[in-house]
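Structure below is work-v4.txt: compact mmCIF, C-alpha atoms.
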```txt
# COMPACT_ATOMS: atom_id res chain seq x y z
CA MET A 111 203.81 59.27 112.05
CA THR A 112 206.94 60.87 113.45
CA GLU A 113 208.13 64.25 112.26
CA HIS A 114 211.75 65.31 112.77
CA ASP A 115 212.14 69.06 112.99
CA ASN A 116 215.22 71.22 113.09
CA HIS A 117 214.32 73.44 116.03
CA ARG A 118 216.43 76.20 117.43
CA ASN A 119 217.65 75.16 120.87
CA PRO A 120 215.52 77.16 123.36
CA LEU A 121 218.05 76.87 126.20
CA PRO A 122 219.91 80.19 125.71
CA VAL A 123 216.64 82.16 125.91
CA GLY A 124 215.46 80.53 129.13
CA VAL A 125 218.90 80.47 130.69
CA GLY A 126 219.53 84.12 129.86
CA ILE A 127 216.26 85.16 131.48
CA ALA A 128 216.87 82.99 134.56
CA LEU A 129 220.39 84.36 134.96
CA LEU A 130 219.08 87.92 134.63
CA ALA A 131 216.60 87.17 137.44
CA ALA A 132 219.44 85.82 139.59
CA ILE A 133 221.67 88.82 138.82
CA LEU A 134 218.98 91.35 139.75
CA PHE A 135 218.17 89.56 142.98
CA GLY A 136 221.84 88.98 143.81
CA VAL A 137 222.76 92.63 143.22
CA SER A 138 219.89 93.75 145.44
CA THR A 139 221.24 91.83 148.45
CA PRO A 140 224.25 94.05 149.32
CA PHE A 141 222.13 97.17 148.73
CA ALA A 142 219.47 95.78 151.06
CA LYS A 143 222.24 95.13 153.59
CA LEU A 144 223.22 98.81 153.42
CA LEU A 145 219.59 99.77 154.09
CA LEU A 146 219.30 97.31 156.98
CA GLY A 147 221.28 99.47 159.38
CA ASN A 148 218.32 101.68 160.36
CA THR A 149 215.40 99.46 159.31
CA PRO A 150 214.14 96.32 161.08
CA PRO A 151 214.49 93.24 158.84
CA VAL A 152 210.78 92.38 158.58
CA LEU A 153 209.86 96.01 157.85
CA LEU A 154 212.57 96.16 155.19
CA ALA A 155 211.23 92.97 153.61
CA GLY A 156 207.78 94.55 153.50
CA LEU A 157 209.12 97.70 151.81
CA LEU A 158 211.10 95.65 149.29
CA TYR A 159 208.10 93.53 148.35
CA LEU A 160 205.81 96.56 148.30
CA GLY A 161 208.19 98.35 145.95
CA SER A 162 208.11 95.35 143.63
CA GLY A 163 204.33 95.16 143.69
CA LEU A 164 203.77 98.87 143.09
CA GLY A 165 206.44 99.18 140.39
CA LEU A 166 205.19 96.22 138.41
CA SER A 167 201.59 97.36 138.84
CA VAL A 168 202.52 100.64 137.15
CA LEU A 169 204.07 98.70 134.25
CA TYR A 170 201.03 96.48 133.99
CA PHE A 171 198.32 99.13 134.22
CA THR A 172 200.06 101.49 131.79
CA ARG A 173 199.66 98.66 129.26
CA ARG A 174 203.38 98.38 128.65
CA THR A 175 203.04 94.60 128.99
CA ALA A 176 199.77 94.29 127.06
CA GLU A 177 201.28 91.82 124.59
CA GLU A 178 201.30 89.17 127.35
CA ALA A 179 198.26 87.04 128.17
CA PRO A 180 196.41 88.16 131.31
CA LEU A 181 195.70 85.75 134.14
CA SER A 182 192.69 83.55 133.51
CA ARG A 183 190.17 82.22 135.99
CA ALA A 184 191.84 78.80 135.81
CA ASP A 185 195.12 80.41 136.93
CA LEU A 186 193.71 81.84 140.13
CA PRO A 187 193.86 78.72 142.36
CA TRP A 188 197.50 78.14 141.40
CA LEU A 189 198.38 81.80 142.02
CA ALA A 190 196.48 81.85 145.33
CA GLY A 191 198.40 78.77 146.47
CA ALA A 192 201.72 80.34 145.43
CA ILE A 193 200.90 83.54 147.34
CA LEU A 194 199.74 81.59 150.41
CA PHE A 195 202.89 79.47 150.63
CA GLY A 196 205.48 81.93 149.32
CA GLY A 197 204.11 85.31 150.39
CA ILE A 198 202.43 84.53 153.71
CA VAL A 199 203.47 81.25 155.34
CA ALA A 200 207.15 81.32 154.30
CA PRO A 201 207.94 84.84 155.64
CA VAL A 202 206.26 84.01 158.96
CA LEU A 203 208.22 80.75 159.30
CA LEU A 204 211.43 82.57 158.37
CA MET A 205 210.80 85.23 161.00
CA LEU A 206 210.13 82.57 163.67
CA GLY A 207 213.22 80.64 162.62
CA LEU A 208 215.54 83.65 162.61
CA LYS A 209 214.53 84.44 166.21
CA ASN A 210 216.04 81.13 167.34
CA THR A 211 218.76 80.45 164.78
CA PRO A 212 222.20 82.09 164.48
CA GLY A 213 223.05 83.72 161.18
CA SER A 214 225.58 81.04 160.22
CA SER A 215 222.95 78.30 160.34
CA ALA A 216 220.30 80.47 158.71
CA SER A 217 222.51 81.29 155.71
CA LEU A 218 223.17 77.60 155.09
CA LEU A 219 219.56 76.55 155.59
CA LEU A 220 218.25 79.16 153.11
CA ASN A 221 220.08 77.25 150.36
CA LEU A 222 217.44 74.55 150.85
CA GLU A 223 215.02 76.57 148.70
CA GLY A 224 216.73 75.43 145.50
CA VAL A 225 216.81 71.85 146.72
CA CYS A 226 213.12 71.88 147.68
CA THR A 227 212.18 73.51 144.38
CA SER A 228 213.97 70.86 142.34
CA LEU A 229 212.87 67.85 144.40
CA LEU A 230 209.23 68.92 144.23
CA ALA A 231 209.50 69.61 140.49
CA TRP A 232 211.07 66.22 139.83
CA PHE A 233 209.14 63.91 142.14
CA VAL A 234 205.78 65.64 142.73
CA PHE A 235 205.19 67.60 139.52
CA LYS A 236 207.02 64.98 137.39
CA GLU A 237 209.37 67.38 135.58
CA ASN A 238 212.01 65.55 133.57
CA PHE A 239 215.60 65.38 134.83
CA ASP A 240 218.61 63.13 134.40
CA ARG A 241 221.84 62.53 136.31
CA ARG A 242 223.56 65.42 134.53
CA ILE A 243 220.91 67.94 135.62
CA ALA A 244 220.78 66.51 139.16
CA LEU A 245 224.57 66.73 139.50
CA GLY A 246 224.57 70.28 138.09
CA MET A 247 221.92 71.32 140.60
CA ALA A 248 223.91 69.68 143.43
CA LEU A 249 227.09 71.54 142.43
CA ILE A 250 225.30 74.90 142.24
CA VAL A 251 223.64 74.41 145.63
CA GLY A 252 226.96 73.11 147.01
CA GLY A 253 228.60 76.34 145.87
CA GLY A 254 225.93 78.28 147.74
CA LEU A 255 226.56 76.23 150.87
CA VAL A 256 230.31 76.87 150.67
CA LEU A 257 229.72 80.57 150.08
CA SER A 258 227.54 80.93 153.18
CA TRP A 259 229.48 78.55 155.45
CA GLN A 260 230.66 80.20 158.66
CA GLY A 261 231.73 77.20 160.69
CA LEU A 262 229.95 74.74 162.91
CA GLY A 263 229.80 76.88 166.02
CA GLY A 264 226.50 78.54 165.26
CA PHE A 265 224.11 75.64 164.87
CA SER A 266 221.06 75.98 167.10
CA LEU A 267 218.19 74.03 168.55
CA PRO A 268 216.15 72.10 165.98
CA LEU A 269 212.96 74.17 166.18
CA GLY A 270 214.46 77.30 164.67
CA SER A 271 216.21 75.31 161.97
CA LEU A 272 213.02 73.41 161.18
CA ALA A 273 211.12 76.68 160.82
CA ILE A 274 213.64 77.99 158.27
CA ALA A 275 213.62 74.66 156.44
CA GLY A 276 209.83 74.91 156.41
CA ALA A 277 210.08 78.37 154.87
CA CYS A 278 212.33 76.97 152.12
CA LEU A 279 209.84 74.16 151.50
CA CYS A 280 207.06 76.75 151.19
CA TRP A 281 209.11 78.74 148.67
CA GLY A 282 209.75 75.53 146.76
CA ILE A 283 205.99 74.92 146.62
CA ASP A 284 205.51 78.56 145.58
CA ASN A 285 207.97 78.18 142.69
CA ASN A 286 206.29 75.02 141.41
CA LEU A 287 202.79 76.47 141.65
CA THR A 288 203.96 79.65 139.91
CA GLN A 289 205.15 77.51 136.97
CA LYS A 290 201.49 76.61 136.42
CA VAL A 291 200.69 80.27 135.62
CA SER A 292 203.93 81.09 133.78
CA ALA A 293 202.14 81.32 130.42
CA SER A 294 200.31 84.38 131.74
CA ASN A 295 201.62 87.94 132.03
CA PRO A 296 204.69 87.63 134.27
CA TYR A 297 204.46 91.27 135.32
CA GLN A 298 200.89 90.80 136.48
CA VAL A 299 201.81 87.62 138.37
CA ALA A 300 204.83 89.24 140.04
CA ALA A 301 202.90 92.44 140.86
CA ILE A 302 200.18 90.51 142.70
CA LYS A 303 202.68 88.36 144.58
CA GLY A 304 204.78 91.40 145.53
CA ALA A 305 201.82 93.45 146.72
CA VAL A 306 200.47 90.64 148.90
CA ALA A 307 203.88 89.72 150.34
CA GLY A 308 204.57 93.41 151.01
CA ALA A 309 201.28 93.90 152.83
CA VAL A 310 201.82 90.76 154.94
CA ASN A 311 205.38 91.64 155.95
CA LEU A 312 204.49 95.29 156.72
CA THR A 313 201.58 94.13 158.87
CA ILE A 314 203.85 91.74 160.79
CA ALA A 315 206.52 94.42 161.24
CA LEU A 316 204.08 97.05 162.51
CA ALA A 317 202.48 94.50 164.85
CA LEU A 318 205.95 93.90 166.30
CA GLY A 319 206.33 97.63 166.94
CA ALA A 320 208.60 98.59 164.03
CA LYS A 321 208.80 102.28 163.08
CA PHE A 322 209.14 103.59 159.54
CA PRO A 323 212.59 105.03 158.67
CA ALA A 324 213.20 108.33 156.85
CA MET A 325 211.48 108.88 153.50
CA SER A 326 214.80 108.62 151.66
CA GLN A 327 215.33 105.12 153.06
CA ILE A 328 211.75 104.12 152.28
CA GLY A 329 212.22 105.30 148.69
CA GLY A 330 215.58 103.52 148.42
CA ALA A 331 214.13 100.27 149.74
CA MET A 332 211.19 100.39 147.34
CA LEU A 333 213.50 101.09 144.38
CA VAL A 334 215.73 98.17 145.31
CA GLY A 335 212.58 96.08 145.74
CA PHE A 336 211.27 97.01 142.31
CA LEU A 337 214.52 96.01 140.59
CA GLY A 338 215.76 93.15 142.77
CA TYR A 339 212.43 91.60 143.77
CA GLY A 340 209.87 92.80 141.21
CA LEU A 341 211.67 92.63 137.87
CA SER A 342 213.66 89.66 139.14
CA LEU A 343 210.45 87.77 139.94
CA ALA A 344 208.91 88.70 136.57
CA PHE A 345 211.99 87.31 134.79
CA PHE A 346 211.86 84.25 137.04
CA VAL A 347 208.29 83.59 135.86
CA LEU A 348 209.38 84.03 132.22
CA ALA A 349 212.22 81.56 132.77
CA LEU A 350 209.75 79.05 134.23
CA ARG A 351 207.87 79.30 130.95
CA HIS A 352 210.98 78.46 128.90
CA VAL A 353 213.03 75.91 130.87
CA GLY A 354 210.83 74.62 133.69
CA THR A 355 210.96 74.86 137.44
CA ALA A 356 214.01 72.85 138.48
CA ARG A 357 216.35 74.39 135.90
CA THR A 358 215.12 77.91 136.67
CA GLY A 359 215.63 77.24 140.38
CA ALA A 360 219.15 76.00 139.70
CA TYR A 361 220.17 79.14 137.81
CA PHE A 362 218.46 81.35 140.39
CA SER A 363 220.59 79.66 143.05
CA LEU A 364 223.51 81.64 141.59
CA ALA A 365 222.08 84.81 143.17
CA PRO A 366 224.20 84.52 146.38
CA PHE A 367 227.33 84.31 144.24
CA VAL A 368 226.31 87.43 142.31
CA GLY A 369 225.66 89.18 145.62
CA ALA A 370 229.08 88.14 146.87
CA ILE A 371 230.76 89.62 143.77
CA VAL A 372 228.93 92.93 144.26
CA SER A 373 229.88 92.90 147.95
CA LEU A 374 233.53 92.56 146.98
CA VAL A 375 233.26 95.88 145.14
CA LEU A 376 230.61 97.71 147.14
CA LEU A 377 231.41 96.57 150.68
CA HIS A 378 235.10 95.70 150.12
CA ASP A 379 234.64 92.15 151.33
CA PRO A 380 237.82 90.04 151.02
CA ILE A 381 238.35 87.32 148.40
CA GLY A 382 239.29 84.05 150.06
CA PRO A 383 239.50 80.33 149.30
CA GLN A 384 235.84 79.95 150.23
CA PHE A 385 234.78 82.31 147.43
CA LEU A 386 237.02 80.58 144.86
CA VAL A 387 235.77 77.08 145.76
CA ALA A 388 232.16 78.28 145.53
CA ALA A 389 232.88 79.86 142.13
CA ALA A 390 234.39 76.62 140.82
CA LEU A 391 231.47 74.49 142.02
CA MET A 392 228.86 76.85 140.58
CA ALA A 393 230.70 77.18 137.26
CA ALA A 394 230.82 73.39 136.94
CA GLY A 395 227.10 73.13 137.73
CA VAL A 396 226.18 75.80 135.20
CA TRP A 397 228.33 74.10 132.55
CA LEU A 398 226.50 70.81 133.10
CA HIS A 399 223.18 72.58 132.55
CA LEU A 400 224.33 74.62 129.56
CA SER A 401 225.73 71.55 127.82
CA GLU A 402 222.57 69.51 128.33
CA LYS A 403 221.20 67.83 125.19
CA HIS A 404 217.74 66.32 125.52
CA SER A 405 216.05 65.08 122.35
CA HIS A 406 213.67 62.16 121.70
CA ASP A 407 210.40 61.30 120.03
CA HIS A 408 207.64 62.82 122.14
CA ARG A 409 203.91 63.30 121.76
CA HIS A 410 202.02 66.53 122.36
CA GLU A 411 198.47 66.03 123.56
CA ARG A 412 195.73 68.48 122.64
CA LEU A 413 196.21 71.72 124.60
CA VAL A 414 194.24 74.96 124.69
CA HIS A 415 195.88 77.99 126.30
CA SER A 416 196.91 81.60 125.76
CA HIS A 417 200.39 83.12 125.81
CA ARG A 418 202.72 85.29 123.76
CA HIS A 419 204.03 83.26 120.81
CA THR A 420 205.29 83.15 117.23
CA HIS A 421 204.27 80.62 114.61
CA ASP A 422 206.98 78.03 115.14
CA ALA A 423 206.49 74.28 114.72
CA HIS A 424 204.34 74.15 117.86
CA HIS A 425 202.06 77.00 116.81
CA GLN A 426 200.56 76.11 113.45
CA HIS A 427 197.01 77.29 113.93
CA THR A 428 194.39 79.48 112.30
CA HIS A 429 193.28 82.79 113.77
CA PRO A 430 189.75 83.73 114.72
CA PRO A 431 188.38 87.04 113.39
CA GLY A 432 189.83 90.10 115.06
CA VAL A 433 193.24 88.63 115.98
CA ASP A 434 196.16 90.76 114.81
CA PRO A 435 198.41 88.36 112.84
CA THR A 436 201.55 90.42 113.54
CA GLU A 437 204.06 88.27 115.45
CA PRO A 438 204.71 87.82 118.28
CA HIS A 439 201.13 88.05 119.45
CA THR A 440 198.82 86.70 122.13
CA HIS A 441 195.49 84.92 121.84
CA GLU A 442 193.86 81.68 122.91
CA HIS A 443 194.97 78.92 120.57
CA VAL A 444 194.76 75.15 120.19
CA HIS A 445 197.67 72.75 119.99
CA GLU A 446 196.51 69.66 118.12
CA PRO A 447 198.09 66.29 118.96
CA MET A 448 201.42 65.72 117.24
CA THR A 449 204.50 63.54 117.58
CA HIS A 450 207.97 64.72 116.65
CA SER A 451 211.58 64.87 117.82
CA HIS A 452 213.78 67.87 118.58
CA PRO A 453 215.94 69.28 121.41
CA HIS A 454 213.64 70.52 124.17
CA PHE A 455 213.30 71.32 127.85
CA PRO A 456 210.35 71.08 130.27
CA ASP A 457 208.76 74.35 129.15
CA ILE A 458 205.01 74.99 129.01
CA HIS A 459 204.70 72.82 125.89
CA HIS A 460 206.86 69.89 127.00
CA ARG A 461 205.46 68.50 130.24
CA HIS A 462 205.25 64.95 128.91
CA ASN A 463 206.16 61.71 130.64
CA HIS A 464 209.43 59.90 129.97
CA SER A 465 209.72 56.16 129.78
CA THR A 466 212.37 54.62 131.98
```
What does this structure look like when you write it as structure tokens?
Amino acid sequence: MTEHDNHRNPLPVGVGIALLAAILFGVSTPFAKLLLGNTPPVLLAGLLYLGSGLGLSVLYFTRRTAEEAPLSRADLPWLAGAILFGGIVAPVLLMLGLKNTPGSSASLLLNLEGVCTSLLAWFVFKENFDRRIALGMALIVGGGLVLSWQGLGGFSLPLGSLAIAGACLCWGIDNNLTQKVSASNPYQVAAIKGAVAGAVNLTIALALGAKFPAMSQIGGAMLVGFLGYGLSLAFFVLALRHVGTARTGAYFSLAPFVGAIVSLVLLHDPIGPQFLVAAALMAAGVWLHLSEKHSHDHRHERLVHSHRHTHDAHHQHTHPPGVDPTEPHTHEHVHEPMTHSHPHFPDIHHRHNHST
């Protein structure tokens, strides 16, 4: 039996959260550039990540995010894999690549993260996409390439470029593995990832002989890290929950454009044709995503999990004794099999297959 429901389109919620993550990260970039003058890059990365981990840990342990579901034992392998690839292997590969790659090449190659994230989501983790979404992603990434293009003169030997591409692949794996734990407390997830990445980068920096800057710069870096890396990552995890990995990655790819806008004001960078072309490409890509309409009969298999929710059409369940019925609330609940049709996106409840 097929049930047709009039569901509120979830896209604005997920898109808004993903864009907020991109804005926070994009704004942090020019501020990090200001801090970079007296701080080695790897040490600065460690301080930024450490600030994110410590700041989000304070939020988590003061119970200000208690309404979210904590990580479960089943989440730990996915989180460990995300930390390994995104917090340990990727920064090391990036550091090795930057040693042998000019900045012009590096800026272009770092745009591969969005590509790797989407390709893995689509072809390895089987997340749904169509030509419209693929074209939108291509336009957004193309805008990032235009924005970071500095000419052909800086391309280097393949090994450095391959190392940076490998770092982007690792971050793509990280993003897809993090989607597997996106039902859990995003602040807890981001705090753990930030703390581990911060410890790894600080260890690498100190091993390379880096010296800590003045306390004011340390404090500034950790504050920027909390806002631009910590809260941004927490919102990124929330967006994964709502719209899936590839779409979240596409919106997050707008971060360089946001950083460029802030640089225009903060660092008085000039506006040129390159900026305007990038803006047009990214705007077109975002429009393709925003105007997406995906609706068909689909079947939900039985699913048991825990996350913050309200009692919409997907959450019609009874409560065990002791559960506060006030909504939204969090508890382990069962989704019984059902078939219906409504507009949807590859969120944590819609990871079904699509017939060709």
Ser162 (chain A) surroundings by all atoms listed in the file, 6 Å radius, close-in-sequence under 5 positions cut, as a list in words: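 Here the answer would be Gly304, Gly335, Phe336, Tyr339 and Gly340 of chain A.
The nearest approach to Gln298 (chain A) among the residues A:Gly163, A:Gly191, A:Gly319, A:Gly395, with only C-alpha atoms taken into account, belongs to A:Gly163.
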Contacts of Pro187 (chain A) within 10 Å, only C-alpha atoms, excl. fewer than 3 positions in-chain, as a list in words: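 Skipping anything fewer than 3 positions along the chain leaves Arg183, Ala184, Ala190, Gly191, Ala192, Ile193, Leu287, Lys290 and Val291 of chain A.
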Å distance separating CA of Lys321 (chain A) from CA of Ala142 (chain A), one decimal place: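 Taking CA of Lys321 (chain A) and CA of Ala142 (chain A), their separation equals 17.3 Å.
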Mind working out the centre and edge lengths of an axis-aligned box for region 353-356 of chain A, all listed atoms inside, 3 Å added to each side, rounded to one decimal in Å and written as lines of an AutoDock Vina configuration file?
```
center_x = 212.4
center_y = 74.4
center_z = 134.7
size_x = 9.2
size_y = 9.1
size_z = 13.6
```
Of the listed residues A:Ala155, A:Gly147, A:His427, A:Thr139, that which approaches Ala309 (chain A) most closely, counting only C-alpha atoms: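 That would be A:Ala155, the residue with the smallest distance to Ala309 (chain A).
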Point (234.6, 78.0, 147.3) neighbourhood (12 Å, all atoms listed in the file) written as a ChimeraX atom specification: /A:249-259,367,370,381-394
Selection as a ChimeraX atom specification: residues within 10 Å of (203.8, 75.4, 147.3), counting all atoms listed in the file: /A:188-196,199-200,226-227,230,278-288
Those same residues - C-alpha atoms - I'd like them written as a PDB file, keeping the file's coordinate frame.
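File produced: selection_30.pdb:
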```pdb
ATOM      1  CA  TRP A 188     197.500  78.140 141.400  1.00  0.00           C
ATOM      2  CA  LEU A 189     198.380  81.800 142.020  1.00  0.00           C
ATOM      3  CA  ALA A 190     196.480  81.850 145.330  1.00  0.00           C
ATOM      4  CA  GLY A 191     198.400  78.770 146.470  1.00  0.00           C
ATOM      5  CA  ALA A 192     201.720  80.340 145.430  1.00  0.00           C
ATOM      6  CA  ILE A 193     200.900  83.540 147.340  1.00  0.00           C
ATOM      7  CA  LEU A 194     199.740  81.590 150.410  1.00  0.00           C
ATOM      8  CA  PHE A 195     202.890  79.470 150.630  1.00  0.00           C
ATOM      9  CA  GLY A 196     205.480  81.930 149.320  1.00  0.00           C
ATOM     10  CA  VAL A 199     203.470  81.250 155.340  1.00  0.00           C
ATOM     11  CA  ALA A 200     207.150  81.320 154.300  1.00  0.00           C
ATOM     12  CA  CYS A 226     213.120  71.880 147.680  1.00  0.00           C
ATOM     13  CA  THR A 227     212.180  73.510 144.380  1.00  0.00           C
ATOM     14  CA  LEU A 230     209.230  68.920 144.230  1.00  0.00           C
ATOM     15  CA  CYS A 278     212.330  76.970 152.120  1.00  0.00           C
ATOM     16  CA  LEU A 279     209.840  74.160 151.500  1.00  0.00           C
ATOM     17  CA  CYS A 280     207.060  76.750 151.190  1.00  0.00           C
ATOM     18  CA  TRP A 281     209.110  78.740 148.670  1.00  0.00           C
ATOM     19  CA  GLY A 282     209.750  75.530 146.760  1.00  0.00           C
ATOM     20  CA  ILE A 283     205.990  74.920 146.620  1.00  0.00           C
ATOM     21  CA  ASP A 284     205.510  78.560 145.580  1.00  0.00           C
ATOM     22  CA  ASN A 285     207.970  78.180 142.690  1.00  0.00           C
ATOM     23  CA  ASN A 286     206.290  75.020 141.410  1.00  0.00           C
ATOM     24  CA  LEU A 287     202.790  76.470 141.650  1.00  0.00           C
ATOM     25  CA  THR A 288     203.960  79.650 139.910  1.00  0.00           C
TER      26      THR A 288
END
```
Point-to-point distance in Å for CA of Gly330 (chain A) and CA of Pro140 (chain A):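 For CA of Pro140 (chain A) relative to CA of Gly330 (chain A), the distance reads 12.9 Å.
Across A:Leu374, A:Ala179, A:Ala131, A:Leu169, the tightest approach to Thr440 (chain A) is made by A:Ala179 when counting only C-alpha atoms.
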Separation of CA of Ser401 (chain A) from CA of Phe233 (chain A), in Å and rounded to one decimal: 23.2 Å
Using only C-alpha atoms: which of A:Leu154, A:Val137, A:Pro430, A:Glu177 has the shortest distance to Gly329 (chain A): A:Leu154
Pick from A:Arg351, A:Thr420, A:Phe346, A:Trp397 nearest to Ala128 (chain A), counting all atoms listed in the file: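 Result for the nearest residue to Ala128 (chain A): A:Phe346.
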Nearest-residue call for Leu164 (chain A), choices A:Arg418, A:Arg409, A:Lys303, A:His425, using all atoms listed in the file: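 Closest to Leu164 (chain A) of all the choices is A:Lys303.
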